[in-house]
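Structure file coords14.cif (mmCIF, C-alpha atoms and all ligand atoms) is printed below.
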```cif
data_protein
loop_
_atom_site.label_atom_id
_atom_site.label_comp_id
_atom_site.auth_asym_id
_atom_site.auth_seq_id
_atom_site.Cartn_x
_atom_site.Cartn_y
_atom_site.Cartn_z
CA MET N 1 70.23 65.56 -20.00
CA LYS N 2 70.23 62.30 -18.06
CA THR N 3 69.89 64.26 -14.79
CA ARG N 4 66.95 66.25 -16.20
CA ILE N 5 65.12 63.09 -17.23
CA LEU N 6 65.68 61.60 -13.80
CA LEU N 7 64.42 64.80 -12.15
CA ILE N 8 61.23 64.85 -14.27
CA ALA N 9 60.68 61.17 -13.53
CA ALA N 10 61.08 61.84 -9.81
CA ILE N 11 58.60 64.78 -9.93
CA LEU N 12 56.07 62.69 -11.87
CA PHE N 13 56.48 59.78 -9.45
CA THR N 14 55.95 62.06 -6.44
CA ALA N 15 52.90 63.72 -8.02
CA PHE N 16 51.46 60.35 -8.97
CA SER N 17 52.00 58.78 -5.58
CA THR N 18 50.54 61.84 -3.74
CA ALA N 19 47.45 61.67 -5.94
CA GLY N 20 47.35 57.94 -5.26
CA ASN N 21 47.48 58.57 -1.50
CA ALA N 22 44.72 61.16 -1.73
CA ARG N 23 42.57 58.65 -3.58
CA GLN N 24 43.44 55.95 -1.11
CA LYS N 25 42.50 57.97 1.98
CA PRO N 26 39.54 56.10 3.45
CA ARG N 27 36.18 57.85 3.60
CA ILE N 28 35.00 57.80 7.21
CA THR N 29 31.68 59.15 8.44
CA ILE N 30 31.44 60.06 12.11
CA LEU N 31 27.96 59.67 13.58
CA ALA N 32 27.81 61.75 16.75
CA THR N 33 25.35 60.92 19.53
CA GLY N 34 26.70 62.94 22.48
CA GLY N 35 28.19 61.74 25.78
CA THR N 36 31.20 63.01 27.69
CA ILE N 37 33.29 63.24 24.52
CA ALA N 38 30.89 66.07 23.61
CA GLY N 39 30.82 67.36 27.18
CA ALA N 40 32.06 70.58 28.76
CA ALA N 41 32.89 71.56 32.34
CA GLN N 42 33.24 74.86 34.18
CA GLY N 43 36.82 74.13 35.29
CA ALA N 44 39.63 72.18 33.60
CA ALA N 45 39.95 69.85 36.62
CA SER N 46 36.25 69.62 37.43
CA ALA N 47 34.65 66.21 37.97
CA SER N 48 31.19 67.64 37.23
CA TYR N 49 30.28 68.55 33.67
CA THR N 50 27.45 68.58 31.13
CA PRO N 51 27.60 65.80 28.51
CA GLY N 52 26.34 66.21 24.95
CA VAL N 53 26.87 69.95 24.35
CA ILE N 54 29.72 70.13 21.78
CA SER N 55 28.92 69.60 18.07
CA ILE N 56 30.63 67.01 15.89
CA GLU N 57 32.30 69.75 13.79
CA ASN N 58 33.96 71.18 16.92
CA ILE N 59 34.99 67.73 18.15
CA ILE N 60 36.66 66.92 14.80
CA GLU N 61 38.48 70.26 14.73
CA SER N 62 39.88 69.59 18.22
CA VAL N 63 41.83 66.52 17.05
CA PRO N 64 45.19 67.43 15.45
CA GLY N 65 46.11 65.29 12.44
CA ILE N 66 42.76 63.54 12.19
CA ARG N 67 42.15 64.80 8.65
CA ASP N 68 45.42 63.22 7.53
CA LEU N 69 43.98 59.81 8.40
CA ALA N 70 40.79 59.96 6.38
CA SER N 71 38.44 62.04 4.36
CA LEU N 72 35.88 62.87 7.06
CA ASP N 73 32.17 63.57 7.18
CA GLY N 74 30.21 64.21 10.36
CA ILE N 75 26.52 63.63 11.03
CA GLN N 76 24.92 64.75 14.30
CA ILE N 77 22.47 61.93 15.04
CA CYS N 78 21.54 63.38 18.44
CA ASN N 79 23.38 65.03 21.34
CA ILE N 80 22.41 63.18 24.52
CA SER N 81 23.88 61.50 27.57
CA SER N 82 23.81 57.82 26.76
CA GLN N 83 21.75 56.98 29.86
CA ASN N 84 18.93 58.57 27.83
CA MET N 85 19.42 56.25 24.84
CA GLU N 86 16.21 55.29 23.02
CA PRO N 87 15.25 52.54 20.54
CA ALA N 88 14.51 55.21 17.90
CA ILE N 89 18.17 56.32 18.04
CA TRP N 90 19.40 52.74 17.65
CA LEU N 91 17.22 52.41 14.55
CA LYS N 92 18.43 55.77 13.20
CA LEU N 93 22.05 54.66 13.64
CA LEU N 94 21.35 51.28 12.04
CA PHE N 95 19.65 52.73 8.96
CA THR N 96 22.14 55.58 8.56
CA ILE N 97 25.00 53.05 8.54
CA ASP N 98 23.08 50.83 6.15
CA SER N 99 22.50 53.66 3.72
CA LEU N 100 26.14 54.88 3.90
CA PHE N 101 27.49 51.40 3.07
CA THR N 102 24.79 50.33 0.61
CA ASN N 103 25.31 53.50 -1.43
CA ASN N 104 29.11 53.21 -1.11
CA LEU N 105 29.38 56.63 0.55
CA ALA N 106 31.79 55.51 3.29
CA ASP N 107 34.54 52.94 3.85
CA GLY N 108 34.01 52.94 7.60
CA VAL N 109 31.83 54.47 10.28
CA VAL N 110 32.77 55.88 13.68
CA ILE N 111 30.11 56.52 16.32
CA THR N 112 30.87 58.91 19.17
CA HIS N 113 28.81 57.84 22.17
CA GLY N 114 28.45 58.24 25.91
CA THR N 115 30.29 55.50 27.73
CA ASP N 116 27.41 54.45 30.02
CA THR N 117 25.48 52.47 27.41
CA MET N 118 28.11 52.31 24.66
CA GLU N 119 28.43 48.52 25.00
CA GLU N 120 24.67 48.11 24.45
CA THR N 121 24.49 50.23 21.28
CA ALA N 122 27.61 48.46 20.00
CA TYR N 123 26.08 45.03 20.65
CA PHE N 124 22.73 45.94 19.06
CA LEU N 125 24.55 47.13 15.91
CA ASN N 126 26.83 44.07 15.96
CA LEU N 127 23.71 41.92 15.60
CA THR N 128 21.83 44.06 13.09
CA VAL N 129 24.24 45.85 10.70
CA LYS N 130 24.47 43.73 7.53
CA HIS N 131 27.85 44.94 6.29
CA SER N 132 31.43 43.85 6.90
CA LYS N 133 32.95 47.34 6.65
CA PRO N 134 34.24 48.62 10.01
CA VAL N 135 31.91 50.23 12.52
CA VAL N 136 33.75 51.60 15.58
CA LEU N 137 32.32 53.23 18.70
CA THR N 138 34.30 55.54 20.93
CA GLY N 139 33.76 58.10 23.66
CA SER N 140 35.62 59.56 26.58
CA MET N 141 35.69 59.54 30.34
CA ARG N 142 36.78 63.17 30.63
CA PRO N 143 34.94 66.10 29.02
CA SER N 144 36.46 68.02 26.11
CA THR N 145 37.44 70.90 28.42
CA SER N 146 39.41 68.69 30.84
CA LEU N 147 43.15 69.10 31.55
CA SER N 148 43.80 65.69 30.01
CA ALA N 149 40.76 65.03 27.86
CA ASP N 150 40.86 61.46 26.52
CA GLY N 151 38.31 62.10 23.75
CA PRO N 152 40.67 63.46 21.06
CA PHE N 153 43.03 60.46 21.12
CA ASN N 154 40.12 58.02 21.33
CA LEU N 155 38.55 59.64 18.27
CA TYR N 156 41.87 59.65 16.41
CA ASN N 157 42.24 55.93 17.11
CA ALA N 158 38.63 55.21 16.15
CA VAL N 159 39.02 56.95 12.77
CA ALA N 160 42.31 55.16 12.14
CA LEU N 161 40.73 51.81 13.03
CA ALA N 162 37.59 52.39 10.94
CA GLY N 163 39.81 53.26 7.97
CA SER N 164 42.04 50.22 8.21
CA ALA N 165 41.60 47.19 5.97
CA SER N 166 42.35 44.77 8.81
CA ALA N 167 39.29 45.99 10.77
CA ALA N 168 36.82 44.69 8.15
CA GLY N 169 34.84 41.59 9.05
CA LYS N 170 35.52 41.79 12.79
CA GLY N 171 32.04 42.99 13.73
CA VAL N 172 31.27 46.19 15.56
CA MET N 173 34.14 47.34 17.78
CA VAL N 174 34.73 49.74 20.64
CA VAL N 175 38.05 51.57 20.90
CA MET N 176 38.91 53.21 24.21
CA ASN N 177 42.25 54.06 25.80
CA ASP N 178 44.17 52.44 22.90
CA TYR N 179 42.41 49.06 23.27
CA ILE N 180 40.19 47.53 20.60
CA PHE N 181 37.25 45.52 21.98
CA SER N 182 34.62 43.37 20.31
CA ALA N 183 31.02 44.53 20.90
CA ASP N 184 30.40 40.93 21.90
CA ASP N 185 32.20 40.97 25.25
CA VAL N 186 33.10 44.60 26.00
CA THR N 187 31.78 46.21 29.16
CA LYS N 188 32.31 49.40 31.11
CA SER N 189 34.15 48.19 34.20
CA ASN N 190 35.31 51.42 35.84
CA THR N 191 33.01 54.36 36.59
CA VAL N 192 35.61 57.15 36.48
CA ASN N 193 39.02 56.10 35.12
CA PRO N 194 40.00 56.56 31.42
CA MET N 195 40.84 52.82 31.39
CA ALA N 196 37.11 52.25 31.78
CA PHE N 197 36.46 49.36 29.41
CA SER N 198 37.42 45.72 29.46
CA SER N 199 36.47 42.44 27.91
CA PRO N 200 36.27 40.30 31.06
CA ASN N 201 35.85 36.85 29.50
CA LEU N 202 37.86 37.01 26.29
CA GLY N 203 40.19 40.00 26.47
CA PRO N 204 40.51 42.80 23.89
CA LEU N 205 40.80 42.10 20.17
CA GLY N 206 44.01 44.13 20.05
CA TYR N 207 45.32 47.65 20.47
CA MET N 208 46.14 50.82 18.54
CA ARG N 209 49.72 52.00 18.13
CA ASP N 210 50.74 55.01 16.02
CA GLY N 211 47.32 54.94 14.36
CA ILE N 212 47.72 51.31 13.29
CA PRO N 213 45.61 48.46 14.69
CA VAL N 214 47.39 45.41 16.05
CA PHE N 215 44.94 42.50 16.26
CA TYR N 216 45.56 39.29 18.14
CA ARG N 217 42.16 37.66 17.95
CA ALA N 218 38.85 37.88 16.05
CA PRO N 219 35.31 37.16 17.31
CA LEU N 220 34.00 33.70 16.39
CA THR N 221 30.36 34.19 17.33
CA ARG N 222 27.77 35.20 14.68
CA HIS N 223 27.58 38.92 13.93
CA THR N 224 26.88 41.52 11.18
CA VAL N 225 26.78 39.76 7.77
CA ASN N 226 26.26 36.37 9.46
CA SER N 227 23.47 37.53 11.73
CA GLU N 228 19.94 36.32 11.06
CA PHE N 229 18.19 39.36 12.57
CA VAL N 230 16.45 41.61 10.09
CA ILE N 231 15.08 44.80 11.58
CA SER N 232 12.59 47.07 9.84
CA ARG N 233 12.62 50.87 9.99
CA ASP N 234 9.52 50.95 12.17
CA GLU N 235 10.49 47.92 14.28
CA HIS N 236 8.82 47.77 17.67
CA LEU N 237 11.36 45.83 19.73
CA PRO N 238 9.94 43.47 22.37
CA GLN N 239 10.07 44.82 25.92
CA VAL N 240 12.68 42.93 27.93
CA GLU N 241 13.71 43.95 31.43
CA ILE N 242 16.40 42.79 33.87
CA ILE N 243 15.86 41.54 37.43
CA MET N 244 18.86 41.22 39.72
CA SER N 245 19.11 38.64 42.51
CA TYR N 246 20.72 39.31 45.88
CA ALA N 247 20.42 38.01 49.45
CA PHE N 248 16.71 37.58 50.28
CA SER N 249 15.55 39.30 47.07
CA SER N 250 11.77 39.70 47.14
CA ASN N 251 9.33 38.87 44.33
CA ILE N 252 7.88 42.40 44.26
CA ALA N 253 9.75 43.66 41.18
CA ILE N 254 9.44 40.52 39.06
CA LYS N 255 5.75 40.14 39.90
CA ALA N 256 5.11 43.76 38.89
CA LEU N 257 6.94 43.28 35.58
CA ILE N 258 4.99 40.14 34.73
CA GLU N 259 1.71 41.86 35.62
CA THR N 260 2.67 44.85 33.45
CA GLY N 261 2.90 42.47 30.48
CA VAL N 262 6.59 42.58 29.57
CA ASP N 263 7.67 40.17 26.83
CA GLY N 264 10.82 38.89 28.49
CA ILE N 265 12.95 39.12 31.62
CA VAL N 266 16.67 38.49 31.95
CA LEU N 267 17.61 37.19 35.38
CA ALA N 268 20.90 38.59 36.62
CA GLY N 269 21.25 35.80 39.12
CA VAL N 270 23.72 35.35 41.93
CA GLY N 271 26.72 33.09 41.23
CA HIS N 272 26.07 30.75 38.29
CA GLY N 273 22.71 32.39 37.51
CA ASN N 274 20.90 31.31 40.70
CA TYR N 275 17.76 32.83 42.22
CA ASN N 276 15.69 32.00 45.30
CA ARG N 277 12.40 30.11 45.71
CA ASP N 278 10.23 33.24 45.68
CA ILE N 279 11.62 34.22 42.28
CA ALA N 280 11.33 30.62 41.01
CA GLU N 281 7.59 30.64 41.77
CA GLU N 282 7.08 33.87 39.84
CA LEU N 283 8.95 32.39 36.88
CA GLU N 284 6.51 29.44 36.73
CA TRP N 285 3.58 31.84 36.78
CA GLY N 286 5.13 34.26 34.27
CA TYR N 287 6.16 31.49 31.87
CA ALA N 288 2.56 30.22 31.77
CA ARG N 289 1.47 33.78 30.86
CA GLY N 290 3.91 33.84 27.91
CA VAL N 291 6.81 35.78 29.44
CA ARG N 292 10.19 34.38 28.38
CA PHE N 293 13.18 34.24 30.73
CA VAL N 294 16.94 33.92 30.27
CA ARG N 295 19.29 33.11 33.13
CA SER N 296 22.47 35.17 33.32
CA SER N 297 24.65 36.26 36.21
CA ARG N 298 25.47 39.46 38.05
CA ILE N 299 29.08 38.20 38.21
CA ILE N 300 31.34 39.95 35.69
CA SER N 301 32.94 36.83 34.18
CA GLY N 302 32.45 33.09 33.78
CA GLY N 303 28.90 33.25 32.38
CA VAL N 304 26.04 30.79 32.91
CA ASP N 305 25.82 27.41 31.19
CA LYS N 306 23.16 24.71 31.28
CA ALA N 307 24.40 23.07 34.49
CA ALA N 308 21.76 23.97 37.12
CA GLU N 309 22.05 23.86 40.90
CA GLU N 310 18.70 24.10 42.66
CA PHE N 311 16.00 24.53 40.02
CA ASP N 312 15.53 22.75 36.70
CA ALA N 313 17.47 24.06 33.74
CA LYS N 314 14.10 24.99 32.23
CA TYR N 315 14.97 28.46 31.02
CA PRO N 316 17.55 29.34 28.38
CA VAL N 317 20.97 30.42 29.65
CA ALA N 318 22.99 33.44 28.53
CA GLY N 319 26.43 31.82 28.16
CA LEU N 320 29.06 34.55 28.47
CA LYS N 321 26.61 37.38 27.83
CA SER N 322 26.24 39.97 30.57
CA PRO N 323 22.64 40.68 31.65
CA GLN N 324 22.58 43.89 29.58
CA LYS N 325 23.82 42.07 26.44
CA ALA N 326 21.50 39.11 27.10
CA ARG N 327 18.61 41.58 27.22
CA ILE N 328 19.41 42.83 23.70
CA LEU N 329 19.83 39.32 22.34
CA LEU N 330 16.53 38.23 23.92
CA MET N 331 14.80 41.29 22.40
CA LEU N 332 16.07 40.30 18.95
CA ALA N 333 15.44 36.57 19.49
CA MET N 334 11.83 37.33 20.40
CA THR N 335 11.31 39.16 17.10
CA GLN N 336 11.63 35.63 15.64
CA SER N 337 10.38 33.10 18.16
CA LYS N 338 9.07 32.60 21.69
CA ARG N 339 10.14 28.94 21.81
CA SER N 340 12.67 28.37 24.60
CA SER N 341 14.61 25.87 22.47
CA GLU N 342 14.92 28.44 19.68
CA ILE N 343 15.94 31.18 22.13
CA GLN N 344 18.62 28.83 23.51
CA ARG N 345 19.86 28.06 19.98
CA ILE N 346 20.27 31.79 19.39
CA PHE N 347 22.15 32.26 22.67
CA ASP N 348 24.45 29.37 21.73
CA GLU N 349 25.30 30.84 18.32
CA TYR N 350 25.67 34.58 19.05
N1 LIG B 401 26.85 59.71 31.32
C1 LIG B 401 27.75 59.87 30.22
C2 LIG B 401 27.13 59.19 29.02
O1 LIG B 401 27.07 58.00 28.97
C3 LIG B 401 29.07 59.28 30.59
C4 LIG B 401 30.12 59.26 29.51
O2 LIG B 401 29.93 59.55 28.35
O3 LIG B 401 31.26 58.90 29.86
O4 LIG B 401 26.68 59.86 28.14
#
```
Starting from the file, lay out its structure as structure tokens.
Amino acid sequence: MKTRILLIAAILFTAFSTAGNARQKPRITILATGGTIAGAAQGAASASYTPGVISIENIIESVPGIRDLASLDGIQICNISSQNMEPAIWLKLLFTIDSLFTNNLADGVVITHGTDTMEETAYFLNLTVKHSKPVVLTGSMRPSTSLSADGPFNLYNAVALAGSASAAGKGVMVVMNDYIFSADDVTKSNTVNPMAFSSPNLGPLGYMRDGIPVFYRAPLTRHTVNSEFVISRDEHLPQVEIIMSYAFSSNIAIKALIETGVDGIVLAGVGHGNYNRDIAEELEWGYARGVRFVRSSRIISGGVDKAAEEFDAKYPVAGLKSPQKARILLMLAMTQSKRSSEIQRIFDEY
């Protein structure tokens, strides 16, 4: 009798805890945008391939065990190479995420994305998504048909990260090759290798092991719920371009941009954000016409602070932001103000 009672208790406990697990499985929505993770090649060892041809359903089905991690939904936002990213897709991602979280339809979001501009989409969302639930971007360096495709494990890790409680509140993240990066500082730093991403100033936030995130730092700059940027569905983002400096760079490109009527220009200067006299003259002229400039550097780490070498520290500086991140922050800053002091305040806080 005693044994029977124990047996029934054990069966009930198992049934209860399995139901509990099923309930506890996080709800993750994967927003697919294309890239190499959705790419296919002619041969399994081919370096040439076509990105953005595999659907999200097929990508999910190619990852063994992924459905054990989470209850999954997939939405095909677009299927493009990320070099063809457009503002309309950023806004579609932003408002899809907002609606999933506002209506409590997901506990976390994963975005599959081409690696070329992944850091830019991640940073834009880091500054505009107004939720603390995890948003994780991932992609791959090798197409889905490759001998050692990296997409399936990256996606597995991304779903595991987006479904983990410890990922909440850390801003938008990128997970690639087991490493977890903050959108704030991540950059693509290798053109071909699966270890393609790094965080050159601050290092990764942590890493994934057996589907569990191990964090050793959190971003301290303003992001997501603490961001002041409010973007509307039909937002027309200011036009901001980037001009790189190099030995005897001419003023042709910057002059043309100013004449075209761009709103802002980020200077990817040499060294600590320096540029030559020809460029400096164009800046004076452009500033008087209302164009706003931010000094950053073409150097991968170290950033640009207010200390100036040859010309006055008249223009805001990007801090640790790369030129491509500074461009996004200047676009968002200029939705609020054209005052240089206000633009600098924003660069100091984000
Ligand atoms: N050009 C591709 C893209 O960004 C590269 C990749 O996904 O790795 O879409």
task = For a cut-off of 12 Å around (42.6, 62.6, 10.2), file coordinates, pick out all residues using all atoms listed in the file and list them as a VMD selection string.
result = chain N and resid 25 to 30 60 to 73 152 to 153 155 to 163 211
Using only C-alpha atoms and all ligand atoms, tabulate the residues of chain N lying at most 6 Å from any atom of ligand LIG 401 (chain B), each with its closest atom pair and that distance in Å to one decimal, by chain and increasing residue number, as a tab-separated table.
```
residue	atom	partner	partner_atom	distance
N:Gly35	CA	B:LIG401	O4	3.4
N:Thr36	CA	B:LIG401	O2	3.7
N:Ser81	CA	B:LIG401	O4	3.3
N:Ser82	CA	B:LIG401	O4	3.8
N:Gln83	CA	B:LIG401	O1	5.5
N:Gly114	CA	B:LIG401	O2	3.1
N:Thr115	CA	B:LIG401	O2	4.1
N:Asp116	CA	B:LIG401	O1	3.7
N:Thr117	CA	B:LIG401	O1	6.0
N:Ser140	CA	B:LIG401	O3	5.5
N:Met141	CA	B:LIG401	O3	4.5
```
Go ahead and save the picked residues with C-alpha atoms, as a short mmCIF file (atom, residue, chain, number, x, y, z; two decimals), in the coordinates of the input.
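Contents of again-v4.cif, freshly written:
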```
data_model
loop_
_atom_site.label_atom_id
_atom_site.label_comp_id
_atom_site.auth_asym_id
_atom_site.auth_seq_id
_atom_site.Cartn_x
_atom_site.Cartn_y
_atom_site.Cartn_z
CA GLY N 35 28.19 61.74 25.78
CA THR N 36 31.20 63.01 27.69
CA SER N 81 23.88 61.50 27.57
CA SER N 82 23.81 57.82 26.76
CA GLN N 83 21.75 56.98 29.86
CA GLY N 114 28.45 58.24 25.91
CA THR N 115 30.29 55.50 27.73
CA ASP N 116 27.41 54.45 30.02
CA THR N 117 25.48 52.47 27.41
CA SER N 140 35.62 59.56 26.58
CA MET N 141 35.69 59.54 30.34
#
```
ask   = Nearest to Gln336 (chain N): which of N:Tyr216, N:Val294, N:Phe181, N:Leu237 is it, counting all atoms listed in the file?
value =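 Between N:Tyr216, N:Val294, N:Phe181, N:Leu237, the residue approaching Gln336 (chain N) most closely is N:Leu237.
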ask   = For Met85 (chain N), which of N:Thr33, N:Gln42, N:Val53, N:Val291 is the closest residue, counting all atoms listed in the file?
value =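 Distance minimum relative to Met85 (chain N) lands on N:Thr33.
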message = Could you tell me how far CA of Ala41 (chain N) sits from CA of Pro143 (chain N), in Å to one decimal place?
response = 6.7 Å
remark   = Correct to one decimal, the distance CA of Thr50 (chain N)-CA of Ser146 (chain N) is 12.0 Å
Residue contacts of His223 (chain N) (7 Å, only C-alpha atoms) excluding same-chain residues fewer than 6 positions away, as a PDB file with C-alpha atoms, keeping the file's coordinate frame:
```pdb
ATOM      1  CA  ASN N 126      26.830  44.070  15.960  1.00  0.00           C
ATOM      2  CA  LEU N 127      23.710  41.920  15.600  1.00  0.00           C
ATOM      3  CA  GLY N 171      32.040  42.990  13.730  1.00  0.00           C
ATOM      4  CA  TYR N 350      25.670  34.580  19.050  1.00  0.00           C
TER       5      TYR N 350
END
```
Atomic distance CA of Ala165 (chain N) - CA of Val135 (chain N), expressed in Å with one decimal = 12.1 Å
Residue nearest Arg233 (chain N) among N:Leu91, N:Met173, N:Ile328, N:Cys78 (counting all atoms listed in the file) =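 The answer is N:Leu91, which sits nearest to Arg233 (chain N).
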Start from the incomplete input, build all heavy atoms for region 108-117 of chain N, and deliver everything as a PDB file, in the frame of the given file.
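part_13.pdb, freshly written:
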```pdb
ATOM      1  N   GLY N 108      34.124  53.326   6.200  1.00  0.00           N
ATOM      2  CA  GLY N 108      34.010  52.940   7.600  1.00  0.00           C
ATOM      3  C   GLY N 108      33.191  53.968   8.340  1.00  0.00           C
ATOM      4  O   GLY N 108      33.041  55.106   7.869  1.00  0.00           O
ATOM      5  N   VAL N 109      32.642  53.555   9.476  1.00  0.00           N
ATOM      6  CA  VAL N 109      31.830  54.470  10.280  1.00  0.00           C
ATOM      7  C   VAL N 109      32.365  54.494  11.702  1.00  0.00           C
ATOM      8  O   VAL N 109      32.730  53.451  12.264  1.00  0.00           O
ATOM      9  CB  VAL N 109      30.336  54.019  10.271  1.00  0.00           C
ATOM     10  CG1 VAL N 109      29.540  54.705  11.383  1.00  0.00           C
ATOM     11  CG2 VAL N 109      29.697  54.293   8.921  1.00  0.00           C
ATOM     12  N   VAL N 110      32.424  55.708  12.265  1.00  0.00           N
ATOM     13  CA  VAL N 110      32.770  55.880  13.680  1.00  0.00           C
ATOM     14  C   VAL N 110      31.538  56.460  14.369  1.00  0.00           C
ATOM     15  O   VAL N 110      30.894  57.352  13.822  1.00  0.00           O
ATOM     16  CB  VAL N 110      33.973  56.829  13.843  1.00  0.00           C
ATOM     17  CG1 VAL N 110      34.142  57.266  15.306  1.00  0.00           C
ATOM     18  CG2 VAL N 110      35.243  56.159  13.347  1.00  0.00           C
ATOM     19  N   ILE N 111      31.218  55.957  15.541  1.00  0.00           N
ATOM     20  CA  ILE N 111      30.110  56.520  16.320  1.00  0.00           C
ATOM     21  C   ILE N 111      30.683  57.076  17.618  1.00  0.00           C
ATOM     22  O   ILE N 111      31.337  56.343  18.368  1.00  0.00           O
ATOM     23  CB  ILE N 111      29.048  55.444  16.638  1.00  0.00           C
ATOM     24  CG1 ILE N 111      28.507  54.834  15.340  1.00  0.00           C
ATOM     25  CG2 ILE N 111      27.910  56.032  17.481  1.00  0.00           C
ATOM     26  CD1 ILE N 111      27.613  53.625  15.549  1.00  0.00           C
ATOM     27  N   THR N 112      30.480  58.364  17.865  1.00  0.00           N
ATOM     28  CA  THR N 112      30.870  58.910  19.170  1.00  0.00           C
ATOM     29  C   THR N 112      29.655  58.776  20.086  1.00  0.00           C
ATOM     30  O   THR N 112      28.520  59.048  19.682  1.00  0.00           O
ATOM     31  CB  THR N 112      31.338  60.376  19.063  1.00  0.00           C
ATOM     32  OG1 THR N 112      30.316  61.143  18.442  1.00  0.00           O
ATOM     33  CG2 THR N 112      32.614  60.482  18.244  1.00  0.00           C
ATOM     34  N   HIS N 113      29.910  58.324  21.319  1.00  0.00           N
ATOM     35  CA  HIS N 113      28.810  57.840  22.170  1.00  0.00           C
ATOM     36  C   HIS N 113      29.190  58.029  23.625  1.00  0.00           C
ATOM     37  O   HIS N 113      30.359  57.895  23.998  1.00  0.00           O
ATOM     38  CB  HIS N 113      28.630  56.340  21.866  1.00  0.00           C
ATOM     39  CG  HIS N 113      27.311  55.755  22.241  1.00  0.00           C
ATOM     40  ND1 HIS N 113      26.928  55.549  23.555  1.00  0.00           N
ATOM     41  CD2 HIS N 113      26.292  55.300  21.475  1.00  0.00           C
ATOM     42  CE1 HIS N 113      25.718  55.000  23.570  1.00  0.00           C
ATOM     43  NE2 HIS N 113      25.300  54.833  22.320  1.00  0.00           N
ATOM     44  N   GLY N 114      28.206  58.268  24.469  1.00  0.00           N
ATOM     45  CA  GLY N 114      28.450  58.240  25.910  1.00  0.00           C
ATOM     46  C   GLY N 114      28.905  56.856  26.334  1.00  0.00           C
ATOM     47  O   GLY N 114      28.519  55.854  25.716  1.00  0.00           O
ATOM     48  N   THR N 115      29.714  56.801  27.368  1.00  0.00           N
ATOM     49  CA  THR N 115      30.290  55.500  27.730  1.00  0.00           C
ATOM     50  C   THR N 115      29.311  54.628  28.527  1.00  0.00           C
ATOM     51  O   THR N 115      29.499  53.415  28.583  1.00  0.00           O
ATOM     52  CB  THR N 115      31.574  55.692  28.561  1.00  0.00           C
ATOM     53  OG1 THR N 115      31.272  56.461  29.732  1.00  0.00           O
ATOM     54  CG2 THR N 115      32.653  56.381  27.752  1.00  0.00           C
ATOM     55  N   ASP N 116      28.277  55.236  29.128  1.00  0.00           N
ATOM     56  CA  ASP N 116      27.410  54.450  30.020  1.00  0.00           C
ATOM     57  C   ASP N 116      26.698  53.298  29.311  1.00  0.00           C
ATOM     58  O   ASP N 116      26.571  52.205  29.871  1.00  0.00           O
ATOM     59  CB  ASP N 116      26.364  55.369  30.688  1.00  0.00           C
ATOM     60  CG  ASP N 116      26.986  56.304  31.726  1.00  0.00           C
ATOM     61  OD1 ASP N 116      28.189  56.173  32.005  1.00  0.00           O
ATOM     62  OD2 ASP N 116      26.252  57.166  32.253  1.00  0.00           O
ATOM     63  N   THR N 117      26.191  53.542  28.118  1.00  0.00           N
ATOM     64  CA  THR N 117      25.480  52.470  27.410  1.00  0.00           C
ATOM     65  C   THR N 117      26.139  52.149  26.058  1.00  0.00           C
ATOM     66  O   THR N 117      25.509  51.559  25.186  1.00  0.00           O
ATOM     67  CB  THR N 117      23.987  52.822  27.181  1.00  0.00           C
ATOM     68  OG1 THR N 117      23.925  54.012  26.378  1.00  0.00           O
ATOM     69  CG2 THR N 117      23.255  53.048  28.497  1.00  0.00           C
TER      70      THR N 117
END
```
